[in-house]
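Undergrad: Below is a structure I'd like to ask you about.
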Amino acid sequence: MATFSLLAGLALGPVVGLLATLAMDRVMPRLPEGTTAPRVAAGVLTDTPVDDAPERLASWVHYVAGGGSGLLFVGLVAAAQIGLGGGAVALAVASAVMLALMVGFFALVPLPRAQGLPRQRLATIRRDWALSAATYVVAAAVLVAVAGGV
């Protein structure tokens with residue numbers, strides 16, 4: 001697997017993130033609470049109940065966070081390559097860390113601050129976010145593997 005320069009990583013990260021977000025977009029609407037996660041973020045940002053959160057802001061936050069997460073993912077891959085050497089092992093470790101960060105951050109930061117969500121929906125929202133995040137990470141890993149020649 002090729003190691004990316006800082007400049008290449010900065011260019012690759014948002015592209016990987018946006019493409020992985022588009023892959024995530026294929027899964028989210030098929031899940032019972034799949035499209036709720038971006039609305040949770042928009043609701044927290046605007047201090048409004050999730051079901052009243054601005055749809056446009058939810059979409060904007062979804063794609064900006066996806067692009068930024070791509071930067072983080074490429075950075076994690078680079079760090080794993082330094083520590084573990086190149087190859088599939090570094091990519092797998094970075095993927096596991098990224099999934100844990102995505103699910104953990106959502107479950108611990110915006111979701112507990114969301115307004116208007118009955119407790120009965122929380123487990124389903126967390127599960128659907130975990131599935132959506134897993135789709136994102138798999139897509140990002142495939143894209144980085146292809147770009148890096150794995």
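Each chain of the structure tokens is named A, B, ... in the order shown, its residues numbered from 1; ligands are numbered from 1 in display order.
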Might you pull out every residue within 7 Å of stretch 80-97 of chain A, with only C-alpha atoms counted and same-chain residues fewer than 2 positions away left off, and present them as an MDAnalysis selection string?
TA: chainID A and resid 1 76:78 99:101 137 141 150
Undergrad: Go ahead and save the residues from that selection, with N, CA, C and O atoms, as a compact mmCIF listing (two decimals), in the first residue's frame.
TA:
```txt
# COMPACT_ATOMS: atom_id res chain seq x y z
N MET A 1 0.86 -1.18 0.00
CA MET A 1 0.00 0.00 0.00
C MET A 1 0.89 1.23 0.00
O MET A 1 1.81 1.35 0.81
N LEU A 76 -5.85 8.47 10.03
CA LEU A 76 -5.74 7.24 10.82
C LEU A 76 -5.01 6.16 10.05
O LEU A 76 -4.19 5.42 10.62
N VAL A 77 -5.30 6.06 8.77
CA VAL A 77 -4.59 5.07 7.94
C VAL A 77 -3.10 5.39 7.91
O VAL A 77 -2.26 4.49 8.08
N ALA A 78 -2.75 6.66 7.72
CA ALA A 78 -1.35 7.05 7.70
C ALA A 78 -0.67 6.74 9.03
O ALA A 78 0.46 6.22 9.06
N LEU A 99 -14.57 3.41 12.97
CA LEU A 99 -15.94 3.01 13.30
C LEU A 99 -16.24 3.29 14.77
O LEU A 99 -17.30 3.83 15.10
N ALA A 100 -15.31 2.95 15.64
CA ALA A 100 -15.51 3.21 17.08
C ALA A 100 -15.66 4.71 17.35
O ALA A 100 -16.52 5.12 18.14
N LEU A 101 -14.85 5.52 16.68
CA LEU A 101 -14.94 6.97 16.87
C LEU A 101 -16.28 7.52 16.36
O LEU A 101 -16.90 8.35 17.03
N VAL A 137 -17.42 3.40 6.66
CA VAL A 137 -16.05 2.93 6.88
C VAL A 137 -15.64 1.90 5.83
O VAL A 137 -14.52 1.95 5.31
N ALA A 141 -12.63 2.54 3.31
CA ALA A 141 -11.50 1.61 3.28
C ALA A 141 -11.26 1.10 1.86
O ALA A 141 -10.11 1.01 1.42
N VAL A 150 -3.67 -1.31 -2.78
CA VAL A 150 -3.69 -2.57 -1.99
C VAL A 150 -4.40 -3.64 -2.78
O VAL A 150 -5.39 -3.47 -3.37
```
Undergrad: Near A:Pro112, counting only C-alpha atoms, which residues have an atom at most 10 Å away, once you skip same-chain residues fewer than 6 positions from it, shown as a ChimeraX atom specification?
TA: /A:40,44,106,122
Undergrad: Any idea what's packed within 10 Å of A:Ser69, counting only C-alpha atoms, ignoring anything in its chain fewer than 5 positions away? Could you give it as a list in words?
TA: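 Returned residues: Gly13, Pro14, Val16, Gly17, Leu18, Ala20, Thr21, Tyr63, Val64, Val74, Gly75, Met98, Leu101, Met102, Tyr136, Val137 and Ala140 of chain A.
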Undergrad: If you run DSSP on this backbone, which residues of stretch 12-98 of chain A come out as alpha helix (DSSP H), and could you give them as a PyMOL selection string?
TA: chain A and resi 12-27+36-46+55-84+88-98
